[in-house]
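Asks: File work-v5.txt follows (compact mmCIF, C-alpha atoms):
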```txt
# COMPACT_ATOMS: atom_id res chain seq x y z
CA MET A 1 -2.60 -51.64 -21.68
CA ASP A 2 -2.61 -48.02 -22.82
CA VAL A 3 0.99 -47.49 -23.96
CA VAL A 4 0.62 -43.73 -24.12
CA ALA A 5 -0.73 -43.52 -20.59
CA THR A 6 1.96 -45.74 -19.16
CA THR A 7 4.82 -43.82 -20.73
CA ARG A 8 3.59 -40.36 -19.81
CA ARG A 9 5.66 -38.85 -17.05
CA ASP A 10 2.60 -37.63 -15.16
CA ALA A 11 1.46 -41.27 -14.87
CA ALA A 12 4.62 -42.33 -13.06
CA PRO A 13 5.51 -44.78 -11.83
CA ASN A 14 4.61 -47.40 -14.42
CA GLN A 15 3.92 -50.46 -12.27
CA GLU A 16 4.92 -52.92 -14.98
CA TRP A 17 8.33 -51.26 -15.27
CA VAL A 18 8.66 -51.24 -11.49
CA LEU A 19 8.05 -55.00 -11.37
CA MET A 20 10.62 -55.56 -14.12
CA TYR A 21 13.11 -53.40 -12.24
CA ARG A 22 12.40 -55.22 -8.97
CA GLY A 23 13.08 -58.43 -10.84
CA GLY A 24 16.59 -57.28 -11.72
CA LEU A 25 16.19 -55.76 -15.18
CA SER A 26 18.16 -52.59 -15.90
CA ARG A 27 16.71 -49.34 -17.18
CA SER A 28 18.16 -49.92 -20.66
CA LYS A 29 16.81 -53.48 -20.77
CA ILE A 30 13.34 -52.33 -19.76
CA ALA A 31 13.46 -49.61 -22.41
CA ALA A 32 14.51 -52.11 -25.07
CA LEU A 33 11.75 -54.56 -24.14
CA THR A 34 8.96 -51.99 -23.96
CA GLY A 35 10.03 -49.63 -26.73
CA ALA A 36 10.04 -46.65 -24.37
CA ALA A 37 12.77 -44.04 -24.14
CA ALA A 38 15.45 -44.89 -21.59
CA SER A 39 15.12 -41.41 -20.08
CA THR A 40 11.39 -41.98 -19.53
CA VAL A 41 11.99 -45.35 -17.91
CA GLY A 42 14.65 -43.76 -15.71
CA TYR A 43 12.22 -41.08 -14.58
CA HIS A 44 9.59 -43.67 -13.61
CA LEU A 45 12.17 -45.70 -11.70
CA ARG A 46 13.39 -42.66 -9.79
CA VAL A 47 9.82 -41.88 -8.75
CA ALA A 48 9.31 -45.48 -7.66
CA CYS A 49 12.58 -45.59 -5.70
CA ALA A 50 11.71 -42.34 -3.94
CA ALA A 51 8.38 -43.83 -2.86
CA ASP A 52 9.88 -47.19 -1.89
CA PRO A 53 13.47 -46.94 -0.56
CA ALA A 54 13.72 -50.74 -0.42
CA LEU A 55 13.08 -51.06 -4.16
CA ARG A 56 16.67 -50.35 -5.16
CA GLU A 57 18.00 -52.95 -2.76
CA ALA A 58 15.53 -55.50 -4.13
CA HIS A 59 16.68 -54.71 -7.66
CA GLU A 60 20.35 -55.04 -6.76
CA ALA A 61 19.74 -58.32 -4.98
CA ALA A 62 17.85 -59.72 -7.98
CA ALA A 63 20.37 -58.45 -10.52
CA GLY A 64 23.48 -59.15 -8.49
CA THR A 65 24.49 -55.50 -8.86
CA GLY A 66 25.23 -52.76 -6.36
CA ALA A 67 28.38 -52.78 -4.28
CA SER A 68 29.36 -56.19 -5.64
CA ARG A 69 29.76 -54.62 -9.09
CA VAL A 70 32.26 -52.04 -7.88
CA THR A 71 35.30 -53.80 -9.25
CA ALA A 72 38.96 -53.01 -8.74
CA GLN A 73 39.06 -51.74 -12.32
CA GLY A 74 36.09 -49.48 -11.64
CA ARG A 75 37.77 -48.00 -8.59
CA GLU A 76 40.93 -47.44 -10.61
CA ARG A 77 38.94 -45.63 -13.32
CA MET A 78 37.41 -43.42 -10.64
CA HIS A 79 40.82 -42.54 -9.18
CA GLN A 80 42.16 -41.80 -12.67
CA LEU A 81 39.20 -39.54 -13.39
CA VAL A 82 39.60 -37.58 -10.16
CA ALA A 83 43.33 -37.17 -10.80
CA MET A 84 42.76 -35.98 -14.37
CA VAL A 85 40.15 -33.39 -13.42
CA ARG A 86 42.34 -32.05 -10.64
CA ASP A 87 45.42 -31.91 -12.87
CA THR A 88 43.85 -30.48 -16.03
CA GLY A 89 40.77 -28.68 -14.75
CA ARG A 90 38.51 -30.47 -17.24
CA TYR A 91 36.59 -33.68 -17.71
CA PRO A 92 37.64 -36.34 -20.24
CA SER A 93 36.36 -36.06 -23.80
CA ARG A 94 35.06 -38.90 -25.94
CA ASN A 95 36.70 -37.15 -28.89
CA ALA A 96 40.17 -37.13 -27.35
CA GLU A 97 43.13 -38.57 -29.25
CA SER A 98 44.21 -40.52 -26.17
CA THR A 99 42.59 -43.94 -25.83
CA SER A 100 42.87 -43.76 -22.05
CA GLU A 101 41.02 -40.43 -21.97
CA ARG A 102 38.26 -41.73 -24.23
CA THR A 103 37.94 -44.75 -21.93
CA LEU A 104 37.53 -42.47 -18.92
CA ALA A 105 34.93 -40.40 -20.79
CA VAL A 106 32.85 -43.50 -21.52
CA TRP A 107 33.18 -44.69 -17.92
CA LEU A 108 32.06 -41.29 -16.62
CA GLN A 109 29.07 -41.23 -18.97
CA ARG A 110 27.92 -44.60 -17.64
CA ARG A 111 28.21 -43.43 -14.04
CA ARG A 112 26.20 -40.32 -14.90
CA GLU A 113 23.49 -42.50 -16.40
CA ASP A 114 23.51 -44.69 -13.30
CA ALA A 115 23.16 -41.62 -11.09
CA ARG A 116 20.20 -40.29 -13.08
CA ALA A 117 18.47 -43.64 -12.82
CA GLY A 118 19.13 -43.75 -9.08
CA MET A 119 21.32 -46.83 -9.49
CA LEU A 120 24.80 -45.49 -8.79
CA ALA A 121 26.82 -47.66 -6.41
CA PRO A 122 27.51 -45.86 -3.09
CA ALA A 123 31.26 -46.36 -3.50
CA PHE A 124 31.21 -44.40 -6.77
CA ARG A 125 28.79 -41.82 -5.41
CA ASP A 126 31.05 -41.07 -2.45
CA GLY A 127 34.28 -41.19 -4.44
CA LEU A 128 33.04 -38.86 -7.18
CA ALA A 129 31.56 -36.41 -4.69
CA VAL A 130 34.97 -34.68 -4.50
CA LEU A 131 34.30 -33.37 -8.04
CA PRO A 132 31.55 -30.72 -7.80
CA GLY A 133 29.01 -31.02 -10.60
CA TRP A 134 30.41 -34.30 -11.93
CA GLU A 135 26.88 -35.59 -12.59
CA GLY A 136 26.44 -33.11 -15.42
CA LYS A 137 23.23 -32.69 -17.39
CA PRO A 138 22.46 -33.73 -20.99
CA ARG A 139 22.60 -30.16 -22.30
CA ALA A 140 25.58 -29.27 -20.12
CA GLU A 141 27.42 -32.36 -21.34
CA ALA A 142 26.78 -31.39 -24.97
CA ASP A 143 28.02 -27.85 -24.28
CA GLU A 144 31.13 -29.23 -22.60
CA ALA A 145 31.81 -31.54 -25.55
CA ARG A 146 31.56 -28.61 -27.98
CA TRP A 147 33.86 -26.52 -25.80
CA GLN A 148 36.45 -29.31 -25.76
CA GLU A 149 36.22 -29.66 -29.54
CA ARG A 150 36.83 -25.94 -29.98
CA LEU A 151 39.80 -26.08 -27.63
CA ALA A 152 41.27 -28.97 -29.63
CA ALA A 153 40.77 -26.97 -32.84
CA LEU A 154 42.58 -23.97 -31.33
CA VAL A 155 45.46 -26.19 -30.21
CA ALA A 156 45.76 -27.63 -33.73
CA TYR A 157 45.60 -24.15 -35.27
CA ARG A 158 48.44 -22.88 -33.11
CA ALA A 159 50.47 -26.07 -33.59
CA ALA A 160 50.30 -25.47 -37.35
CA GLY A 161 52.36 -22.30 -36.84
CA HIS A 162 49.59 -19.70 -36.91
CA ASP A 163 49.46 -16.63 -34.70
CA TRP A 164 46.48 -16.18 -32.38
CA PRO A 165 43.25 -16.12 -34.42
CA ARG A 166 41.49 -12.77 -34.86
CA HIS A 167 37.77 -12.13 -34.51
CA LYS A 168 37.37 -8.96 -36.58
CA ALA A 169 34.67 -8.94 -39.24
CA VAL A 170 37.20 -8.69 -42.08
CA ILE A 171 38.62 -12.08 -41.08
CA VAL A 172 36.86 -15.13 -42.50
CA GLY A 173 36.97 -18.90 -42.31
CA GLU A 174 38.53 -20.95 -39.55
CA GLU A 175 40.55 -18.07 -38.14
CA HIS A 176 37.40 -15.98 -37.64
CA ASP A 177 35.49 -18.84 -36.01
CA LEU A 178 38.32 -19.61 -33.61
CA GLY A 179 38.93 -15.92 -33.00
CA VAL A 180 35.33 -15.27 -32.00
CA ARG A 181 35.35 -18.18 -29.56
CA LEU A 182 38.70 -17.20 -28.08
CA HIS A 183 37.60 -13.58 -27.72
CA ALA A 184 34.55 -14.77 -25.76
CA GLN A 185 36.78 -16.73 -23.36
CA ARG A 186 39.05 -13.71 -22.82
CA TYR A 187 36.03 -11.50 -22.18
CA LYS A 188 34.67 -13.90 -19.57
CA ALA A 189 38.10 -14.24 -17.96
CA ARG A 190 38.47 -10.47 -17.59
CA ARG A 191 35.05 -10.26 -15.95
CA GLY A 192 35.78 -13.19 -13.66
CA GLU A 193 33.01 -15.24 -15.29
CA LEU A 194 35.12 -18.00 -16.86
CA GLU A 195 34.92 -21.31 -15.00
CA ILE A 196 38.15 -22.20 -13.22
CA GLN A 197 38.27 -25.58 -14.97
CA LYS A 198 38.10 -23.98 -18.41
CA ALA A 199 40.66 -21.32 -17.56
CA THR A 200 43.03 -24.02 -16.33
CA ALA A 201 42.46 -26.12 -19.44
CA LEU A 202 43.27 -23.12 -21.66
CA ASP A 203 46.36 -22.28 -19.61
CA ASN A 204 47.65 -25.83 -19.99
CA ALA A 205 46.75 -26.35 -23.65
CA VAL A 206 47.51 -22.92 -25.14
CA PRO A 207 49.70 -20.85 -22.80
CA GLY A 208 49.49 -17.13 -23.52
CA TRP A 209 45.88 -17.23 -24.68
CA ARG A 210 44.89 -14.39 -22.36
CA ALA A 211 47.29 -11.87 -23.95
CA GLY A 212 47.03 -13.04 -27.54
CA ARG A 213 48.90 -11.25 -30.30
CA ARG A 214 51.65 -8.81 -29.56
CA ARG A 215 51.60 -5.54 -31.41
CA GLY A 216 54.05 -5.31 -34.24
CA ARG A 217 54.26 -9.07 -34.82
CA ARG A 218 53.62 -10.44 -38.28
CA ALA A 219 50.29 -12.16 -38.86
CA GLY A 220 51.92 -15.53 -39.48
CA GLY A 221 54.37 -15.43 -36.57
CA ARG A 222 54.08 -17.29 -33.30
CA VAL A 223 53.69 -15.42 -30.04
```
Show me the file's structure as structure tokens.
Replies:
Amino acid sequence: MDVVATTRRDAAPNQEWVLMYRGGLSRSKIAALTGAAASTVGYHLRVACAADPALREAHEAAAGTGASRVTAQGRERMHQLVAMVRDTGRYPSRNAESTSERTLAVWLQRRREDARAGMLAPAFRDGLAVLPGWEGKPRAEADEARWQERLAALVAYRAAGHDWPRHKAVIVGEEHDLGVRLHAQRYKARRGELEIQKATALDNAVPGWRAGRRRGRRAGGRV
């Protein structure tokens, strides 16, 4: 078998992978057995499922997955996620200090992977539909993770007793980096271009971020 030909996306779907999937093997298991990238396997399976709507049901029956795998704990995680996003305006981060938030972040990542592979249980699909854009995209997820890390750094900077960071060229180091990022958020907010979720997260984590420093205050003072 020509490995290159069978893993190329324009050769989808790979019939061997389809048979393995029909037999109950997961995308990650197929990738591990064949040495192919999980994303490539997922693409082939999505093509196959689109061509044969009964394929997913056959897979779930063989694997014992599907609605039967939507456990009480899974439903609770989903409700916790929805509540968190509505309360904070942001999605959980895998870099959070809170164990419960990191747990939610991992759970969400798995559901996103299931959705991309076309294997998300209907109960989760319907329940998460109340959160627009919850599926995310690899690049978008990376951008969101970086944004959350920068927010955490700003929170820590302010908690250490520093005034709002400045972005002027004469400022260097951590203050300059944080100042540039904060200035960008203020600019977007003034133009109405800052996402509501991010604005809410900033409001909750660092109140007063929109106004920043007050004139006449010392550089080391708190606002």
Asks: For Asn95 of chain A, which residue among A:Glu144, A:Glu60, A:Glu149, A:Glu113 is the nearest when counting only C-alpha atoms?
Replies: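 Once distances to Asn95 of chain A are computed over only C-alpha atoms, the minimum belongs to A:Glu149.
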Asks: May I ask which of the residues A:Gly35, A:Gly173, A:Pro53, A:Pro122 is the closest one to Arg75 of chain A, counting only C-alpha atoms?
Replies: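 Ranked by minimum distance to Arg75 of chain A, first place goes to A:Pro122.
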Asks: Near segment 207-216 of chain A, within 8 Å and counting only C-alpha atoms, which residues show up once chain neighbours fewer than 2 positions away are dropped, as an mmCIF file with C-alpha atoms, in the coordinates of the input?
Replies:
```
data_model
loop_
_atom_site.group_PDB
_atom_site.id
_atom_site.type_symbol
_atom_site.label_atom_id
_atom_site.label_comp_id
_atom_site.auth_asym_id
_atom_site.auth_seq_id
_atom_site.Cartn_x
_atom_site.Cartn_y
_atom_site.Cartn_z
ATOM 1 C CA ASP A 163 49.460 -16.630 -34.700
ATOM 2 C CA TRP A 164 46.480 -16.180 -32.380
ATOM 3 C CA LEU A 182 38.700 -17.200 -28.080
ATOM 4 C CA ARG A 186 39.050 -13.710 -22.820
ATOM 5 C CA LEU A 202 43.270 -23.120 -21.660
ATOM 6 C CA ASP A 203 46.360 -22.280 -19.610
ATOM 7 C CA ASN A 204 47.650 -25.830 -19.990
ATOM 8 C CA ALA A 205 46.750 -26.350 -23.650
ATOM 9 C CA ARG A 218 53.620 -10.440 -38.280
ATOM 10 C CA VAL A 223 53.690 -15.420 -30.040
#
```
Asks: Counting only C-alpha atoms, which residue out of A:Val70, A:Ala201, A:Ala156, A:Ala189 sits closest to Glu174 of chain A?
Replies: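 Of all the options, A:Ala156 lies closest to Glu174 of chain A.
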Asks: Rounded to one decimal, what separation in Å do you get between atom CA of Tyr187 of chain A and atom CA of Arg166 of chain A?
Replies: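 Answer for the atom CA of Tyr187 of chain A to atom CA of Arg166 of chain A separation: 13.9 Å.
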Asks: Pick from A:Trp17, A:Tyr43, A:Tyr157, A:Trp107: nearest to Gln80 of chain A, with all atoms listed in the file counted?
Replies: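 Using all atoms listed in the file, Gln80 of chain A sits closest to A:Trp107.
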Asks: Would you kindly return, as a list in words, each protein, DNA or RNA residue with an atom no farther than 9 Å from any atom of segment 98-103 of chain A, considering only C-alpha atoms and excluding same-chain residues fewer than 5 positions away?
Replies: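 Contacts, in chain order: Arg77, Leu81, Met84, Pro92, Ser93 and Leu108 of chain A.
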Asks: Kindly give the distance, in Å, that separates atom CA of Val170 of chain A and atom CA of Arg150 of chain A, rounded to a single decimal.
Replies: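 According to the coordinates, atom CA of Val170 of chain A and atom CA of Arg150 of chain A are separated by 21.1 Å.
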Asks: Which one of A:Arg116, A:Arg86, A:Lys198, A:Arg94 sits closest to Cys49 of chain A if you count all atoms listed in the file?
Replies: A:Arg116
Asks: Which residues are near Leu128 of chain A? Cut-off 8 Å, all atoms listed in the file, ignore same chain within fewer than 4 positions. Put them as a PyMOL selection string.
Replies: chain A and resi 78+82+124+134
Asks: Atoms to include: C-alpha atoms. Write the selected residues as a compact mmCIF listing (two decimals), in the coordinates of the input.
Replies:
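To be explicit, this is the file written out as again_3.txt:
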```txt
# COMPACT_ATOMS: atom_id res chain seq x y z
CA MET A 78 37.41 -43.42 -10.64
CA VAL A 82 39.60 -37.58 -10.16
CA PHE A 124 31.21 -44.40 -6.77
CA TRP A 134 30.41 -34.30 -11.93
```
Asks: Could you state the separation of atom CA of Arg111 of chain A and atom CA of Thr40 of chain A in Å, given to one decimal place?
Replies: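 Atom CA of Thr40 of chain A lies at a distance of 17.8 Å from atom CA of Arg111 of chain A.
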Asks: Tell me which protein, DNA and RNA residues are within 10 Å of Leu55 of chain A, counting only C-alpha atoms, leaving out same-chain ones fewer than 6 positions away, and put them as a list of chain:residue names.
Replies: A:Val18, A:Leu19, A:Tyr21, A:Arg22, A:Gly23, A:Leu45, A:Ala48, A:Cys49, A:Ala61
Asks: Take every atom of segment 170-183 of chain A listed in the file, pad by 8 Å on each side, and give me the axis-aligned box centre and edge lengths in Å, one decimal, as JSON.
Replies:
```
{"center_x": 37.9, "center_y": -14.8, "center_z": -35.1, "size_x": 21.2, "size_y": 28.3, "size_z": 30.8}
```
Asks: Got a sec: who's within 9 Å of Arg46 of chain A, counting all atoms listed in the file, leaving out chain neighbours fewer than 3 positions off, as a PyMOL selection string?
Replies: chain A and resi 13+41-43+49-51+116-119
